[in-house]
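Undergrad: Submitted below is the structure of interest, expressed as structure tokens.
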Amino acid sequence: MVTLALPVLIENPAEAEAFRAEIRGWLEEHLTGEWATLKGLGGPGKDHEAIEERLAWNRYLAQHGWTGIGWPTEHGGRGLSLWQQVIFHEEYARSHAPARVNHLGEELLGPTLMAFGTPEQQARFLPPILAVEELWAQGYSEPDAGSDLANVKTRAALTGDEWVIDGQKVWTSNAHFSDWLFVIARTEPGSSRHHGLSFLLVPLDQDGVEVRPIEQLTGGSEFNEVFLTGARTAADLVVGEPGQGWGVAMGLLGFERGVSILAQLVEFDRE
């Protein structure tokens, strides 16, 4: 059995074991037939494997209430505690279930919209994230900035009722099959470092966006370059106040460093 060495308090061991049995039983019942052929596929270094098939499995999980397990119930999640989330990922790894493809939306953007988004943004984007109907990519890193987020050069200007965006992002995971990109862009001319940045939600399927996959030694192309040339998004698709995107971006990274990596930790421990 996979056992994750995390200091998680379980006040009721009997309840925990009952929950573990529920998950294990569901996976044993459902990870069969065509789904069983996906066992072990995906994950770090293997992200290119069976994307469409794993996406279908991810949507199957959603139909049975196994996405957004840590999301609050008022946002459509199951509201599970930390120890329940740990047990879920332990059993998921033990079963060799395929890696899911909705990580950036479900684990990063979703919680960020709950914390910083408007009710309208939450109503528009949270349900399709939960149902795995819309996939997201992260527009942070740039060729001349790397992971120095405060040094981004991508710019956006509010023109009428739209933001017009110009710049380049790199190492953009899964952009080649995603629907949307959350972008950090400089929206205040003359600003520097973490001042004057905004957090924008940008549709990828438009003439102003070009996605170029980066071929890796593994044979896949998990990462991409994304060129934004007059790309557009609606004026109300800025999360938080314009010019205050640094706080939103740091909030998202806080979620990334929280429970979002539980699945990978458990899988590494299993390996």
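Residues in the structure tokens are named by chain (A, B, ... in the order shown) and by number from 1 within that chain; ligands are numbered from 1 in the order shown.
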Using only C-alpha atoms, which residues sit within 9 Å of Glu225 in chain A once same-chain residues fewer than 3 positions away are excluded, as a compact mmCIF listing (two decimals) with all heavy atoms, in the first residue's frame?
TA:
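Generated file (out_19.txt):
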```txt
# COMPACT_ATOMS: atom_id res chain seq x y z
N GLU A 142 8.50 33.85 -19.55
CA GLU A 142 8.82 34.49 -20.83
C GLU A 142 10.28 34.24 -21.17
O GLU A 142 11.10 33.98 -20.28
CB GLU A 142 8.54 35.99 -20.76
CG GLU A 142 7.08 36.32 -20.55
CD GLU A 142 6.78 37.81 -20.63
OE1 GLU A 142 7.74 38.61 -20.90
OE2 GLU A 142 5.62 38.19 -20.43
N GLN A 168 5.12 37.36 -25.63
CA GLN A 168 5.45 35.94 -25.84
C GLN A 168 5.60 35.24 -24.51
O GLN A 168 6.23 35.77 -23.58
CB GLN A 168 6.76 35.80 -26.63
CG GLN A 168 7.17 34.36 -26.89
CD GLN A 168 8.52 34.23 -27.58
OE1 GLN A 168 9.11 35.24 -27.98
NE2 GLN A 168 9.03 33.02 -27.71
N LYS A 169 5.04 34.07 -24.42
CA LYS A 169 5.19 33.21 -23.25
C LYS A 169 5.90 31.93 -23.68
O LYS A 169 5.85 31.54 -24.85
CB LYS A 169 3.82 32.88 -22.64
CG LYS A 169 3.04 34.10 -22.15
CD LYS A 169 3.72 34.78 -20.99
CE LYS A 169 2.91 35.98 -20.50
NZ LYS A 169 3.53 36.63 -19.32
N VAL A 170 6.56 31.27 -22.73
CA VAL A 170 7.31 30.06 -23.06
C VAL A 170 7.16 29.06 -21.92
O VAL A 170 6.79 29.43 -20.80
CB VAL A 170 8.78 30.41 -23.34
CG1 VAL A 170 9.53 30.74 -22.04
CG2 VAL A 170 9.48 29.29 -24.12
N TRP A 171 7.47 27.79 -22.22
CA TRP A 171 7.30 26.68 -21.28
C TRP A 171 5.85 26.61 -20.81
O TRP A 171 5.57 26.34 -19.65
CB TRP A 171 8.25 26.81 -20.07
CG TRP A 171 9.66 27.09 -20.45
CD1 TRP A 171 10.42 28.14 -20.06
CD2 TRP A 171 10.49 26.31 -21.33
NE1 TRP A 171 11.67 28.08 -20.63
CE2 TRP A 171 11.74 26.97 -21.41
CE3 TRP A 171 10.30 25.13 -22.07
CZ2 TRP A 171 12.79 26.50 -22.20
CZ3 TRP A 171 11.34 24.66 -22.84
CH2 TRP A 171 12.57 25.34 -22.89
N THR A 172 4.94 26.84 -21.75
CA THR A 172 3.52 26.89 -21.44
C THR A 172 2.93 25.48 -21.55
O THR A 172 2.61 25.01 -22.64
CB THR A 172 2.79 27.85 -22.40
OG1 THR A 172 3.52 29.08 -22.46
CG2 THR A 172 1.39 28.13 -21.91
N ALA A 175 -0.50 24.02 -23.66
CA ALA A 175 -1.19 25.06 -24.45
C ALA A 175 -1.69 24.51 -25.78
O ALA A 175 -2.66 25.02 -26.34
CB ALA A 175 -0.25 26.24 -24.69
N GLU A 210 -0.67 32.28 -31.45
CA GLU A 210 0.00 31.18 -32.14
C GLU A 210 0.71 30.31 -31.09
O GLU A 210 1.48 30.82 -30.27
CB GLU A 210 1.04 31.69 -33.13
CG GLU A 210 1.77 30.57 -33.87
CD GLU A 210 2.89 31.07 -34.78
OE1 GLU A 210 3.09 32.31 -34.85
OE2 GLU A 210 3.56 30.23 -35.40
N VAL A 211 0.44 29.03 -31.14
CA VAL A 211 1.06 28.07 -30.20
C VAL A 211 2.04 27.20 -30.96
O VAL A 211 1.66 26.55 -31.94
CB VAL A 211 -0.02 27.20 -29.52
CG1 VAL A 211 0.65 26.16 -28.60
CG2 VAL A 211 -1.00 28.06 -28.75
N ARG A 212 3.30 27.19 -30.51
CA ARG A 212 4.32 26.36 -31.14
C ARG A 212 4.85 25.35 -30.12
O ARG A 212 5.55 25.71 -29.17
CB ARG A 212 5.49 27.23 -31.63
CG ARG A 212 5.12 28.24 -32.70
CD ARG A 212 6.35 29.04 -33.10
NE ARG A 212 6.03 30.14 -34.00
CZ ARG A 212 6.92 31.06 -34.39
NH1 ARG A 212 8.18 31.00 -33.96
NH2 ARG A 212 6.54 32.05 -35.19
N PRO A 213 4.53 24.07 -30.31
CA PRO A 213 5.04 23.05 -29.38
C PRO A 213 6.56 22.98 -29.40
O PRO A 213 7.20 23.18 -30.43
CB PRO A 213 4.41 21.76 -29.91
CG PRO A 213 3.20 22.21 -30.67
CD PRO A 213 3.59 23.52 -31.29
N ILE A 214 7.14 22.70 -28.23
CA ILE A 214 8.58 22.52 -28.08
C ILE A 214 8.85 21.02 -27.95
O ILE A 214 8.42 20.40 -26.98
CB ILE A 214 9.11 23.27 -26.84
CG1 ILE A 214 8.83 24.78 -26.97
CG2 ILE A 214 10.60 23.00 -26.64
CD1 ILE A 214 9.14 25.56 -25.70
```
Undergrad: Output as CSV one row per residue of range 121-217 of chain A within 12 Å of range 47-54 of chain A: the closest atom pair and its distance in Å to one decimal place, counting only C-alpha atoms, sorted by chain and residue number ascending.
TA:
```
residue,atom,partner,partner_atom,distance
A:Val132,CA,A:Arg54,CA,11.2
A:Ser173,CA,A:Asp47,CA,9.5
A:Asn174,CA,A:Asp47,CA,8.7
A:His176,CA,A:His48,CA,10.8
A:Phe177,CA,A:Ile51,CA,8.9
A:Ser178,CA,A:Ile51,CA,11.4
A:Pro213,CA,A:His48,CA,11.4
A:Ile214,CA,A:His48,CA,11.9
A:Glu215,CA,A:His48,CA,10.7
A:Gln216,CA,A:His48,CA,10.3
A:Leu217,CA,A:His48,CA,11.9
```
Undergrad: DSSP says strand (DSSP E) for which residues of range 122-271 of chain A? Put them as a PyMOL selection string?
TA: chain A and resi 136-139+155-159+162-169+180-186+197-203+209-213+224-234+238-239
Undergrad: One decimal, Å: what's the distance from CA of Val226 in chain A over to CA of Val238 in chain A, could you say?
TA: 19.3 Å
Undergrad: Go ahead and compute the interatomic distance for CA of Glu90 in chain A and CA of Ala14 in chain A, in Å to one decimal.
TA: 16.8 Å
Undergrad: Could you give me, as a VMD selection string, the residues within 8 Å of Leu204 in chain A, counting only C-alpha atoms and dropping anything in the same chain fewer than 4 positions from it?
TA: chain A and resid 178 to 181 209
Undergrad: Quote the spacing between CA of Ala93 in chain A and CA of Ile23 in chain A in Å to one decimal place.
TA: 11.5 Å
Undergrad: What's the 7 Å shell around range 144-159 of chain A, counting only C-alpha atoms, without same-chain residues fewer than 2 positions away, as a PyMOL selection string?
TA: chain A and resi 140-142+161-168+185-187+193-194+235
Undergrad: Check the smallest atom-to-atom distance from each of A:Lys46, A:Leu55, A:Thr112, A:Leu41 to Leu253 in chain A using only C-alpha atoms, then report the winner.
TA: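 Ranked by minimum distance to Leu253 in chain A, first place goes to A:Thr112.
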Undergrad: Tell me which protein, DNA and RNA residues are within 9 Å of range 64-78 of chain A, counting only C-alpha atoms, leaving out same-chain ones fewer than 5 positions away, and put them as a ChimeraX atom specification.
TA: /A:58-59,84-85,88,106-107,110-111,114,122-123,126-127,129-132,259
Undergrad: Compile the contact shell of Ala56 in chain A as a PyMOL selection string: residues with an atom at most 12 Å away, counting only C-alpha atoms, same-chain residues fewer than 5 positions apart removed.
TA: chain A and resi 34-35+38+50-51+61-63+98-102+131-133
Undergrad: Hey, can you spit out that residue selection with N, CA, C and O atoms as a PDB file, in the first residue's frame?
TA:
```pdb
ATOM      1  N   GLU A  34     -12.056  -0.697 -21.283  1.00  0.00           N
ATOM      2  CA  GLU A  34     -11.256   0.257 -22.048  1.00  0.00           C
ATOM      3  C   GLU A  34     -10.453   1.174 -21.148  1.00  0.00           C
ATOM      4  O   GLU A  34      -9.345   1.596 -21.511  1.00  0.00           O
ATOM      5  N   TRP A  35     -10.981   1.484 -19.955  1.00  0.00           N
ATOM      6  CA  TRP A  35     -10.233   2.363 -19.048  1.00  0.00           C
ATOM      7  C   TRP A  35      -8.989   1.666 -18.520  1.00  0.00           C
ATOM      8  O   TRP A  35      -7.974   2.324 -18.265  1.00  0.00           O
ATOM      9  N   LEU A  38      -5.529   2.279 -19.985  1.00  0.00           N
ATOM     10  CA  LEU A  38      -4.860   3.556 -19.740  1.00  0.00           C
ATOM     11  C   LEU A  38      -4.004   3.542 -18.482  1.00  0.00           C
ATOM     12  O   LEU A  38      -3.337   4.535 -18.181  1.00  0.00           O
ATOM     13  N   ALA A  50      -1.575   9.346 -24.797  1.00  0.00           N
ATOM     14  CA  ALA A  50      -3.027   9.119 -24.805  1.00  0.00           C
ATOM     15  C   ALA A  50      -3.807  10.311 -24.251  1.00  0.00           C
ATOM     16  O   ALA A  50      -4.660  10.153 -23.377  1.00  0.00           O
ATOM     17  N   ILE A  51      -3.541  11.488 -24.773  1.00  0.00           N
ATOM     18  CA  ILE A  51      -4.177  12.691 -24.230  1.00  0.00           C
ATOM     19  C   ILE A  51      -5.701  12.615 -24.350  1.00  0.00           C
ATOM     20  O   ILE A  51      -6.430  12.864 -23.386  1.00  0.00           O
ATOM     21  N   LEU A  61     -14.440  10.724 -14.558  1.00  0.00           N
ATOM     22  CA  LEU A  61     -14.293  11.000 -13.133  1.00  0.00           C
ATOM     23  C   LEU A  61     -15.209  12.141 -12.714  1.00  0.00           C
ATOM     24  O   LEU A  61     -15.855  12.084 -11.653  1.00  0.00           O
ATOM     25  N   ALA A  62     -15.257  13.190 -13.541  1.00  0.00           N
ATOM     26  CA  ALA A  62     -16.092  14.343 -13.218  1.00  0.00           C
ATOM     27  C   ALA A  62     -17.561  13.950 -13.126  1.00  0.00           C
ATOM     28  O   ALA A  62     -18.289  14.407 -12.230  1.00  0.00           O
ATOM     29  N   GLN A  63     -18.020  13.103 -14.033  1.00  0.00           N
ATOM     30  CA  GLN A  63     -19.417  12.680 -14.032  1.00  0.00           C
ATOM     31  C   GLN A  63     -19.782  11.937 -12.754  1.00  0.00           C
ATOM     32  O   GLN A  63     -20.949  11.919 -12.345  1.00  0.00           O
ATOM     33  N   PRO A  98      -4.636   6.477 -14.801  1.00  0.00           N
ATOM     34  CA  PRO A  98      -3.871   7.396 -15.650  1.00  0.00           C
ATOM     35  C   PRO A  98      -3.822   8.806 -15.074  1.00  0.00           C
ATOM     36  O   PRO A  98      -4.744   9.244 -14.378  1.00  0.00           O
ATOM     37  N   ALA A  99      -2.734   9.517 -15.384  1.00  0.00           N
ATOM     38  CA  ALA A  99      -2.603  10.902 -14.942  1.00  0.00           C
ATOM     39  C   ALA A  99      -3.704  11.750 -15.567  1.00  0.00           C
ATOM     40  O   ALA A  99      -4.033  11.607 -16.738  1.00  0.00           O
ATOM     41  N   ARG A 100      -4.271  12.623 -14.777  1.00  0.00           N
ATOM     42  CA  ARG A 100      -5.341  13.482 -15.264  1.00  0.00           C
ATOM     43  C   ARG A 100      -4.755  14.667 -16.037  1.00  0.00           C
ATOM     44  O   ARG A 100      -3.587  15.013 -15.873  1.00  0.00           O
ATOM     45  N   VAL A 101      -5.596  15.291 -16.866  1.00  0.00           N
ATOM     46  CA  VAL A 101      -5.104  16.351 -17.750  1.00  0.00           C
ATOM     47  C   VAL A 101      -5.652  17.726 -17.367  1.00  0.00           C
ATOM     48  O   VAL A 101      -5.379  18.709 -18.048  1.00  0.00           O
ATOM     49  N   ASN A 102      -6.392  17.808 -16.278  1.00  0.00           N
ATOM     50  CA  ASN A 102      -7.089  19.048 -15.930  1.00  0.00           C
ATOM     51  C   ASN A 102      -6.432  19.777 -14.757  1.00  0.00           C
ATOM     52  O   ASN A 102      -7.055  20.601 -14.104  1.00  0.00           O
ATOM     53  N   ALA A 131     -16.261  20.132 -14.818  1.00  0.00           N
ATOM     54  CA  ALA A 131     -16.732  19.095 -15.735  1.00  0.00           C
ATOM     55  C   ALA A 131     -15.681  18.692 -16.756  1.00  0.00           C
ATOM     56  O   ALA A 131     -15.917  17.808 -17.575  1.00  0.00           O
ATOM     57  N   VAL A 132     -14.514  19.329 -16.714  1.00  0.00           N
ATOM     58  CA  VAL A 132     -13.409  19.090 -17.640  1.00  0.00           C
ATOM     59  C   VAL A 132     -13.858  19.369 -19.082  1.00  0.00           C
ATOM     60  O   VAL A 132     -13.511  18.661 -20.010  1.00  0.00           O
ATOM     61  N   GLU A 133     -14.647  20.398 -19.244  1.00  0.00           N
ATOM     62  CA  GLU A 133     -15.109  20.798 -20.572  1.00  0.00           C
ATOM     63  C   GLU A 133     -14.219  21.871 -21.180  1.00  0.00           C
ATOM     64  O   GLU A 133     -14.224  22.058 -22.400  1.00  0.00           O
TER      65      GLU A 133
END
```
Undergrad: Restricting the calculation to only C-alpha atoms: of A:Gly208, A:Pro13, A:Pro143, A:Gly43, which residue gets closest to Ile87 in chain A?
TA: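 Checking each of A:Gly208, A:Pro13, A:Pro143, A:Gly43 against Ile87 in chain A, counting only C-alpha atoms, the winner is A:Pro13.
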